[in-house]
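Here is the file protein_29.cif (mmCIF, C-alpha atoms and all ligand atoms).
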```cif
data_my_file
#
loop_
_atom_site.label_atom_id
_atom_site.label_comp_id
_atom_site.auth_asym_id
_atom_site.auth_seq_id
_atom_site.Cartn_x
_atom_site.Cartn_y
_atom_site.Cartn_z
CA MET L 106 35.67 26.08 43.42
CA LYS L 107 35.23 22.31 43.51
CA VAL L 108 31.43 22.62 43.73
CA LYS L 109 31.31 24.94 40.68
CA CYS L 110 33.33 22.42 38.70
CA LEU L 111 30.94 19.62 39.64
CA PHE L 112 27.92 21.66 38.47
CA ALA L 113 29.65 22.43 35.20
CA MET L 114 30.28 18.73 34.61
CA ILE L 115 26.66 17.86 35.37
CA GLY L 116 25.60 20.60 32.94
CA VAL L 117 27.77 19.24 30.15
CA GLY L 118 26.58 15.73 30.91
CA CYS L 119 22.93 16.80 30.61
CA VAL L 120 23.49 18.53 27.29
CA LEU L 121 25.32 15.48 25.99
CA ALA L 122 22.56 13.12 27.15
CA MET L 123 19.87 15.28 25.53
CA TRP L 124 21.82 15.42 22.28
CA MET L 125 22.13 11.64 22.25
CA VAL L 126 18.42 11.13 22.90
CA THR L 127 17.30 13.61 20.23
CA SER L 128 19.73 12.30 17.61
CA VAL L 129 18.56 8.72 18.15
CA ASP L 130 14.96 9.95 17.79
CA ALA L 131 15.71 11.84 14.57
CA GLY L 132 17.51 8.82 13.16
CA GLY L 133 14.43 6.67 13.72
CA GLN L 134 12.19 9.18 11.94
CA SER L 135 14.45 9.66 8.94
CA ALA L 136 14.52 5.93 8.16
CA PRO L 137 10.91 4.62 7.96
CA PRO L 138 10.57 0.92 7.06
CA ALA L 139 10.53 0.42 3.30
CA ALA L 140 7.05 -0.35 1.96
CA ARG L 141 6.59 -3.85 0.62
CA VAL L 142 6.08 -4.00 -3.13
CA ILE L 143 3.16 -6.10 -4.34
CA GLU L 144 3.09 -6.98 -8.02
CA VAL L 145 -0.22 -7.51 -9.76
CA LEU L 146 -1.00 -8.16 -13.40
CA ALA L 147 -4.32 -6.88 -14.76
CA ASP L 148 -4.36 -9.12 -17.79
CA HIS L 149 -5.84 -9.09 -21.29
CA ASP L 150 -8.26 -11.89 -20.35
CA SER L 151 -9.94 -9.66 -17.72
CA ARG L 152 -8.29 -11.34 -14.74
CA TYR L 153 -5.99 -10.14 -12.00
CA LYS L 154 -2.93 -12.34 -11.63
CA MET L 155 -0.10 -12.66 -9.15
CA ALA L 156 3.04 -14.75 -9.58
CA ASP L 157 2.77 -18.32 -8.22
CA GLN L 158 -0.90 -17.95 -7.26
CA LYS L 159 -3.68 -19.82 -8.94
CA ARG L 160 -6.32 -17.57 -7.36
CA PRO L 161 -4.69 -14.22 -6.69
CA SER L 162 -5.03 -12.80 -3.21
CA MET L 163 -3.14 -10.35 -1.05
CA THR L 164 -2.60 -10.50 2.68
CA LEU L 165 -1.66 -7.28 4.47
CA LYS L 166 -1.37 -6.16 8.07
CA ALA L 167 -3.81 -3.45 9.16
CA GLY L 168 -2.35 -0.04 8.41
CA GLU L 169 0.66 -1.49 6.58
CA PRO L 170 2.12 0.81 3.91
CA VAL L 171 2.63 -0.98 0.60
CA THR L 172 3.46 -0.13 -2.98
CA LEU L 173 1.21 -1.67 -5.61
CA ARG L 174 3.06 -2.24 -8.85
CA ILE L 175 0.36 -3.00 -11.38
CA THR L 176 0.97 -4.05 -14.96
CA ALA L 177 -2.09 -3.59 -17.15
CA LYS L 178 -2.69 -5.33 -20.47
CA LYS L 179 -5.58 -4.35 -22.68
CA ALA L 180 -8.63 -6.59 -22.90
CA LYS L 181 -11.30 -6.00 -25.55
CA ASN L 182 -12.52 -2.56 -24.55
CA VAL L 183 -10.90 0.75 -23.67
CA ASN L 184 -12.59 3.38 -21.53
CA ARG L 185 -13.22 6.84 -22.92
CA ASP L 186 -10.40 8.19 -20.72
CA GLY L 187 -7.94 5.58 -22.01
CA ALA L 188 -8.16 3.30 -18.97
CA ILE L 189 -8.14 -0.42 -19.80
CA HIS L 190 -8.93 -1.78 -16.31
CA GLY L 191 -9.78 -0.45 -12.88
CA PHE L 192 -8.52 -1.43 -9.44
CA THR L 193 -10.92 -0.50 -6.65
CA LEU L 194 -11.01 -1.92 -3.14
CA LEU L 195 -14.34 -2.70 -1.43
CA ARG L 196 -15.06 -4.00 2.03
CA ALA L 197 -16.41 -7.52 1.42
CA LYS L 198 -19.31 -7.49 3.90
CA ASP L 199 -21.10 -4.39 2.56
CA ARG L 200 -19.20 -3.60 -0.68
CA SER L 201 -18.41 -0.12 0.61
CA PRO L 202 -15.43 1.51 -1.11
CA VAL L 203 -12.19 1.93 0.82
CA PRO L 204 -10.88 5.53 0.59
CA ASP L 205 -7.71 6.08 -1.49
CA TRP L 206 -7.90 2.64 -3.12
CA ASP L 207 -9.53 3.55 -6.43
CA PHE L 208 -7.35 3.49 -9.54
CA GLN L 209 -7.85 3.64 -13.28
CA LEU L 210 -5.23 1.60 -15.09
CA LYS L 211 -3.61 2.74 -18.31
CA PRO L 212 -1.62 0.28 -20.44
CA GLY L 213 1.78 -0.49 -18.93
CA VAL L 214 3.22 -0.43 -15.41
CA GLN L 215 2.01 1.96 -12.72
CA GLU L 216 2.90 2.20 -9.05
CA PHE L 217 0.54 3.32 -6.28
CA SER L 218 1.47 3.93 -2.66
CA VAL L 219 -1.37 2.78 -0.43
CA THR L 220 -2.02 2.01 3.20
CA ALA L 221 -3.85 -1.17 4.17
CA PRO L 222 -7.26 -0.59 5.80
CA SER L 223 -7.10 -0.19 9.58
CA GLU L 224 -10.02 -2.59 10.05
CA PRO L 225 -9.02 -6.27 9.81
CA GLY L 226 -11.22 -8.51 7.66
CA GLU L 227 -11.96 -9.50 4.09
CA TYR L 228 -11.86 -7.08 1.19
CA VAL L 229 -12.25 -7.48 -2.54
CA VAL L 230 -10.55 -5.70 -5.43
CA VAL L 231 -12.86 -5.16 -8.38
CA CYS L 232 -12.35 -3.85 -11.90
CA THR L 233 -14.33 -0.68 -12.63
CA VAL L 234 -13.82 -0.55 -16.38
CA ILE L 235 -16.11 -2.66 -18.58
CA CYS L 236 -13.03 -4.25 -20.12
CA SER L 237 -14.67 -7.23 -21.89
CA GLN L 238 -17.60 -9.64 -21.58
CA ASP L 239 -15.62 -11.33 -18.80
CA HIS L 240 -15.31 -8.10 -16.80
CA GLU L 241 -17.75 -9.23 -14.08
CA GLY L 242 -15.34 -11.97 -13.03
CA MET L 243 -12.39 -9.59 -12.66
CA ASN L 244 -11.82 -9.46 -8.92
CA MET L 245 -9.32 -10.49 -6.30
CA LYS L 246 -9.33 -11.09 -2.55
CA LEU L 247 -7.51 -9.02 0.05
CA VAL L 248 -7.23 -10.21 3.64
CA VAL L 249 -6.29 -7.65 6.31
CA LEU L 250 -4.79 -9.15 9.45
CA PRO L 251 -4.90 -7.39 12.82
CU CU L 301 -11.22 -5.20 -16.21
#
```

Represent the structure from my file as structure tokens, please.
Amino acid sequence: MKVKCLFAMIGVGCVLAMWMVTSVDAGGQSAPPAARVIEVLADHDSRYKMADQKRPSMTLKAGEPVTLRITAKKAKNVNRDGAIHGFTLLRAKDRSPVPDWDFQLKPGVQEFSVTAPSEPGEYVVVCTVICSQDHEGMNMKLVVLP
């Protein structure tokens, strides 16, 4: 009789422990860290701008999820599809495009959810719309930290 009771208590204890472990796990998964929001202005003078930065540049951690909130203001030219600027990320050392970082900007504010490259190093954002005669100078640095 006493032995049976002991086993029953151990059984209940195990179920309780498992429930606690799984619920803690589920809680962790349901609340991912909020992505940092990075605000960029793609301006009418064919320049990217960021608040309080003379030369705009972003610094991200490898694989960090971020939200790009980009405000675009029309320069001289508009693309056939209505885009006024582009926002495309290239690896600096060989100018190879980074997957999922290629955006056409329409006038106004747009948000893009992106993940920082997994490879640390220097990257450059370039405009892909011939927005004015100053288009060639429309770029911005991105540094990815390990
Ligand atoms: Cu441009």

List all protein, DNA and RNA residues that have at least one atom no more than 7 Å from any atom of ligand CU 301 (chain L), counting only C-alpha atoms and all ligand atoms, and write them as a PDB file with C-alpha atoms, in the coordinates of the input.
```pdb
ATOM      1  CA  SER L 151      -9.940  -9.660 -17.720  1.00  0.00           C
ATOM      2  CA  ARG L 152      -8.290 -11.340 -14.740  1.00  0.00           C
ATOM      3  CA  ILE L 189      -8.140  -0.420 -19.800  1.00  0.00           C
ATOM      4  CA  HIS L 190      -8.930  -1.780 -16.310  1.00  0.00           C
ATOM      5  CA  GLY L 191      -9.780  -0.450 -12.880  1.00  0.00           C
ATOM      6  CA  CYS L 232     -12.350  -3.850 -11.900  1.00  0.00           C
ATOM      7  CA  THR L 233     -14.330  -0.680 -12.630  1.00  0.00           C
ATOM      8  CA  VAL L 234     -13.820  -0.550 -16.380  1.00  0.00           C
ATOM      9  CA  ILE L 235     -16.110  -2.660 -18.580  1.00  0.00           C
ATOM     10  CA  CYS L 236     -13.030  -4.250 -20.120  1.00  0.00           C
ATOM     11  CA  SER L 237     -14.670  -7.230 -21.890  1.00  0.00           C
ATOM     12  CA  HIS L 240     -15.310  -8.100 -16.800  1.00  0.00           C
ATOM     13  CA  MET L 243     -12.390  -9.590 -12.660  1.00  0.00           C
TER      14      MET L 243
END
```

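When atom CA of L:Gly226 is paired with atom CA of L:Arg160, their separation reads 18.2 Å.
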
List the spatial neighbours of L:Asn244 as a PDB file with C-alpha atoms, keeping the file's coordinate frame - criterion: any atom at most 7 Å away, only C-alpha atoms, same-chain residues fewer than 3 positions off excluded.
```pdb
ATOM      1  CA  TYR L 153      -5.990 -10.140 -12.000  1.00  0.00           C
ATOM      2  CA  VAL L 229     -12.250  -7.480  -2.540  1.00  0.00           C
ATOM      3  CA  VAL L 230     -10.550  -5.700  -5.430  1.00  0.00           C
ATOM      4  CA  VAL L 231     -12.860  -5.160  -8.380  1.00  0.00           C
ATOM      5  CA  CYS L 232     -12.350  -3.850 -11.900  1.00  0.00           C
TER       6      CYS L 232
END
```

- Item | Atomic separation - atom CA of L:Leu194 relative to atom CA of L:Phe208, Å | 9.1 Å

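Of note, atom CA of L:His149 and atom CA of L:Thr164 are spaced 24.2 Å apart.
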
- Give me the residues within 9 Å of L:Leu195 as a PyMOL selection string, counting only C-alpha atoms and dropping any in the same chain fewer than 3 places off. chain L and resi 198-203+206+228-231

- Would you please work out which residue, of L:Lys159, L:Lys246, L:Arg174, L:Lys181, is nearest to L:Gln215 when using all atoms listed in the file? L:Arg174

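Closest approach to L:Ser223 among L:Leu165, L:Leu210, L:Ala180, L:Ala197: L:Leu165, based on all atoms listed in the file.
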
- Message: Neighbouring residues of L:Ala139 were defined as those with any atom within 10 Å, considering all atoms listed in the file; residues of the same chain fewer than 6 positions away were excluded. Please report them as number ranges by chain.
- Response: L: 170-172

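Shortest separation to L:Ser162 among L:Asp186, L:Glu241, L:Glu227, L:Asp207 occurs at residue L:Glu227, atoms counted being only C-alpha atoms.
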
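Distances here use all atoms listed in the file; by that measure, the residue among L:Pro251, L:Arg196, L:Ala156, L:Asn184 closest to L:Pro212 is L:Asn184.
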
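If you measure from each of L:Phe217, L:Asn182, L:Ala140, L:Asp157 to L:Gln238 using all atoms listed in the file, the closest one turns out to be L:Asn182.
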
Taking the block above, write stretch 205-245 of chain L with N, CA and C atoms as a PDB file, in the first residue's frame.
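decode_26.pdb was written with the following content:
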```pdb
ATOM      1  N   ASP L 205      17.819  38.628 -50.595  1.00  0.00           N
ATOM      2  CA  ASP L 205      16.715  39.201 -49.821  1.00  0.00           C
ATOM      3  C   ASP L 205      16.960  40.637 -49.353  1.00  0.00           C
ATOM      4  N   TRP L 206      17.938  41.304 -49.926  1.00  0.00           N
ATOM      5  CA  TRP L 206      18.200  42.709 -49.589  1.00  0.00           C
ATOM      6  C   TRP L 206      18.161  43.530 -50.874  1.00  0.00           C
ATOM      7  N   ASP L 207      17.086  43.473 -51.592  1.00  0.00           N
ATOM      8  CA  ASP L 207      16.986  44.179 -52.864  1.00  0.00           C
ATOM      9  C   ASP L 207      15.591  44.788 -52.966  1.00  0.00           C
ATOM     10  N   PHE L 208      15.509  46.108 -52.790  1.00  0.00           N
ATOM     11  CA  PHE L 208      14.194  46.745 -52.719  1.00  0.00           C
ATOM     12  C   PHE L 208      14.091  47.922 -53.673  1.00  0.00           C
ATOM     13  N   GLN L 209      12.909  48.055 -54.259  1.00  0.00           N
ATOM     14  CA  GLN L 209      12.568  49.218 -55.065  1.00  0.00           C
ATOM     15  C   GLN L 209      11.734  50.130 -54.171  1.00  0.00           C
ATOM     16  N   LEU L 210      12.086  51.386 -54.111  1.00  0.00           N
ATOM     17  CA  LEU L 210      11.388  52.299 -53.207  1.00  0.00           C
ATOM     18  C   LEU L 210      10.382  53.163 -53.961  1.00  0.00           C
ATOM     19  N   LYS L 211       9.163  53.133 -53.476  1.00  0.00           N
ATOM     20  CA  LYS L 211       8.116  54.020 -53.981  1.00  0.00           C
ATOM     21  C   LYS L 211       8.067  55.241 -53.059  1.00  0.00           C
ATOM     22  N   PRO L 212       7.473  56.337 -53.502  1.00  0.00           N
ATOM     23  CA  PRO L 212       7.421  57.524 -52.627  1.00  0.00           C
ATOM     24  C   PRO L 212       6.699  57.196 -51.320  1.00  0.00           C
ATOM     25  N   GLY L 213       7.235  57.713 -50.216  1.00  0.00           N
ATOM     26  CA  GLY L 213       6.605  57.494 -48.916  1.00  0.00           C
ATOM     27  C   GLY L 213       7.415  56.560 -48.038  1.00  0.00           C
ATOM     28  N   VAL L 214       6.751  56.009 -47.016  1.00  0.00           N
ATOM     29  CA  VAL L 214       7.423  55.174 -46.025  1.00  0.00           C
ATOM     30  C   VAL L 214       7.107  53.701 -46.281  1.00  0.00           C
ATOM     31  N   GLN L 215       8.150  52.892 -46.316  1.00  0.00           N
ATOM     32  CA  GLN L 215       7.964  51.438 -46.447  1.00  0.00           C
ATOM     33  C   GLN L 215       8.812  50.735 -45.397  1.00  0.00           C
ATOM     34  N   GLU L 216       8.305  49.583 -44.947  1.00  0.00           N
ATOM     35  CA  GLU L 216       9.074  48.801 -43.971  1.00  0.00           C
ATOM     36  C   GLU L 216       9.433  47.450 -44.572  1.00  0.00           C
ATOM     37  N   PHE L 217      10.664  47.013 -44.313  1.00  0.00           N
ATOM     38  CA  PHE L 217      11.145  45.728 -44.804  1.00  0.00           C
ATOM     39  C   PHE L 217      11.766  44.977 -43.637  1.00  0.00           C
ATOM     40  N   SER L 218      11.350  43.723 -43.471  1.00  0.00           N
ATOM     41  CA  SER L 218      11.972  42.873 -42.448  1.00  0.00           C
ATOM     42  C   SER L 218      13.122  42.126 -43.091  1.00  0.00           C
ATOM     43  N   VAL L 219      14.317  42.311 -42.559  1.00  0.00           N
ATOM     44  CA  VAL L 219      15.501  41.676 -43.135  1.00  0.00           C
ATOM     45  C   VAL L 219      16.324  41.018 -42.034  1.00  0.00           C
ATOM     46  N   THR L 220      17.229  40.177 -42.466  1.00  0.00           N
ATOM     47  CA  THR L 220      18.161  39.542 -41.532  1.00  0.00           C
ATOM     48  C   THR L 220      19.563  39.927 -41.963  1.00  0.00           C
ATOM     49  N   ALA L 221      20.368  40.393 -41.022  1.00  0.00           N
ATOM     50  CA  ALA L 221      21.737  40.779 -41.346  1.00  0.00           C
ATOM     51  C   ALA L 221      22.497  39.578 -41.904  1.00  0.00           C
ATOM     52  N   PRO L 222      23.431  39.824 -42.850  1.00  0.00           N
ATOM     53  CA  PRO L 222      24.225  38.717 -43.397  1.00  0.00           C
ATOM     54  C   PRO L 222      24.904  37.922 -42.277  1.00  0.00           C
ATOM     55  N   SER L 223      25.089  36.630 -42.524  1.00  0.00           N
ATOM     56  CA  SER L 223      25.722  35.792 -41.494  1.00  0.00           C
ATOM     57  C   SER L 223      27.240  35.956 -41.491  1.00  0.00           C
ATOM     58  N   GLU L 224      27.773  36.512 -42.591  1.00  0.00           N
ATOM     59  CA  GLU L 224      29.224  36.683 -42.699  1.00  0.00           C
ATOM     60  C   GLU L 224      29.623  38.098 -42.258  1.00  0.00           C
ATOM     61  N   PRO L 225      30.404  38.218 -41.180  1.00  0.00           N
ATOM     62  CA  PRO L 225      30.830  39.550 -40.733  1.00  0.00           C
ATOM     63  C   PRO L 225      31.691  40.235 -41.798  1.00  0.00           C
ATOM     64  N   GLY L 226      31.689  41.555 -41.809  1.00  0.00           N
ATOM     65  CA  GLY L 226      32.512  42.295 -42.758  1.00  0.00           C
ATOM     66  C   GLY L 226      31.832  43.564 -43.212  1.00  0.00           C
ATOM     67  N   GLU L 227      32.371  44.131 -44.286  1.00  0.00           N
ATOM     68  CA  GLU L 227      31.835  45.385 -44.810  1.00  0.00           C
ATOM     69  C   GLU L 227      30.912  45.130 -45.990  1.00  0.00           C
ATOM     70  N   TYR L 228      29.815  45.863 -45.992  1.00  0.00           N
ATOM     71  CA  TYR L 228      28.831  45.787 -47.055  1.00  0.00           C
ATOM     72  C   TYR L 228      28.496  47.212 -47.485  1.00  0.00           C
ATOM     73  N   VAL L 229      27.881  47.320 -48.655  1.00  0.00           N
ATOM     74  CA  VAL L 229      27.486  48.649 -49.121  1.00  0.00           C
ATOM     75  C   VAL L 229      26.072  48.576 -49.703  1.00  0.00           C
ATOM     76  N   VAL L 230      25.262  49.565 -49.316  1.00  0.00           N
ATOM     77  CA  VAL L 230      23.925  49.710 -49.890  1.00  0.00           C
ATOM     78  C   VAL L 230      24.042  50.634 -51.086  1.00  0.00           C
ATOM     79  N   VAL L 231      23.491  50.228 -52.206  1.00  0.00           N
ATOM     80  CA  VAL L 231      23.526  51.089 -53.393  1.00  0.00           C
ATOM     81  C   VAL L 231      22.110  51.310 -53.923  1.00  0.00           C
ATOM     82  N   CYS L 232      21.942  52.444 -54.593  1.00  0.00           N
ATOM     83  CA  CYS L 232      20.674  52.752 -55.248  1.00  0.00           C
ATOM     84  C   CYS L 232      20.691  52.106 -56.637  1.00  0.00           C
ATOM     85  N   THR L 233      19.571  51.486 -57.012  1.00  0.00           N
ATOM     86  CA  THR L 233      19.507  50.783 -58.296  1.00  0.00           C
ATOM     87  C   THR L 233      18.577  51.467 -59.292  1.00  0.00           C
ATOM     88  N   VAL L 234      18.113  52.648 -58.939  1.00  0.00           N
ATOM     89  CA  VAL L 234      17.281  53.428 -59.852  1.00  0.00           C
ATOM     90  C   VAL L 234      18.098  54.655 -60.262  1.00  0.00           C
ATOM     91  N   ILE L 235      18.154  54.921 -61.565  1.00  0.00           N
ATOM     92  CA  ILE L 235      18.907  56.104 -62.022  1.00  0.00           C
ATOM     93  C   ILE L 235      18.076  57.329 -61.640  1.00  0.00           C
ATOM     94  N   CYS L 236      18.236  57.766 -60.385  1.00  0.00           N
ATOM     95  CA  CYS L 236      17.304  58.748 -59.819  1.00  0.00           C
ATOM     96  C   CYS L 236      17.638  60.189 -60.190  1.00  0.00           C
ATOM     97  N   SER L 237      18.900  60.461 -60.532  1.00  0.00           N
ATOM     98  CA  SER L 237      19.303  61.811 -60.956  1.00  0.00           C
ATOM     99  C   SER L 237      20.738  61.719 -61.464  1.00  0.00           C
ATOM    100  N   GLN L 238      21.333  62.866 -61.814  1.00  0.00           N
ATOM    101  CA  GLN L 238      22.737  62.828 -62.251  1.00  0.00           C
ATOM    102  C   GLN L 238      23.673  62.537 -61.082  1.00  0.00           C
ATOM    103  N   ASP L 239      23.162  62.627 -59.856  1.00  0.00           N
ATOM    104  CA  ASP L 239      23.977  62.322 -58.678  1.00  0.00           C
ATOM    105  C   ASP L 239      23.772  60.899 -58.168  1.00  0.00           C
ATOM    106  N   HIS L 240      23.072  60.091 -58.952  1.00  0.00           N
ATOM    107  CA  HIS L 240      22.734  58.718 -58.564  1.00  0.00           C
ATOM    108  C   HIS L 240      23.948  57.874 -58.174  1.00  0.00           C
ATOM    109  N   GLU L 241      25.054  58.049 -58.938  1.00  0.00           N
ATOM    110  CA  GLU L 241      26.250  57.218 -58.695  1.00  0.00           C
ATOM    111  C   GLU L 241      26.769  57.349 -57.266  1.00  0.00           C
ATOM    112  N   GLY L 242      26.537  58.495 -56.656  1.00  0.00           N
ATOM    113  CA  GLY L 242      27.032  58.720 -55.296  1.00  0.00           C
ATOM    114  C   GLY L 242      26.058  58.280 -54.215  1.00  0.00           C
ATOM    115  N   MET L 243      24.969  57.634 -54.618  1.00  0.00           N
ATOM    116  CA  MET L 243      23.949  57.246 -53.633  1.00  0.00           C
ATOM    117  C   MET L 243      24.281  55.870 -53.084  1.00  0.00           C
ATOM    118  N   ASN L 244      24.990  55.858 -51.961  1.00  0.00           N
ATOM    119  CA  ASN L 244      25.347  54.601 -51.327  1.00  0.00           C
ATOM    120  C   ASN L 244      25.572  54.817 -49.833  1.00  0.00           C
ATOM    121  N   MET L 245      25.704  53.741 -49.124  1.00  0.00           N
ATOM    122  CA  MET L 245      25.782  53.817 -47.671  1.00  0.00           C
ATOM    123  C   MET L 245      26.439  52.555 -47.136  1.00  0.00           C
TER     124      MET L 245
END
```
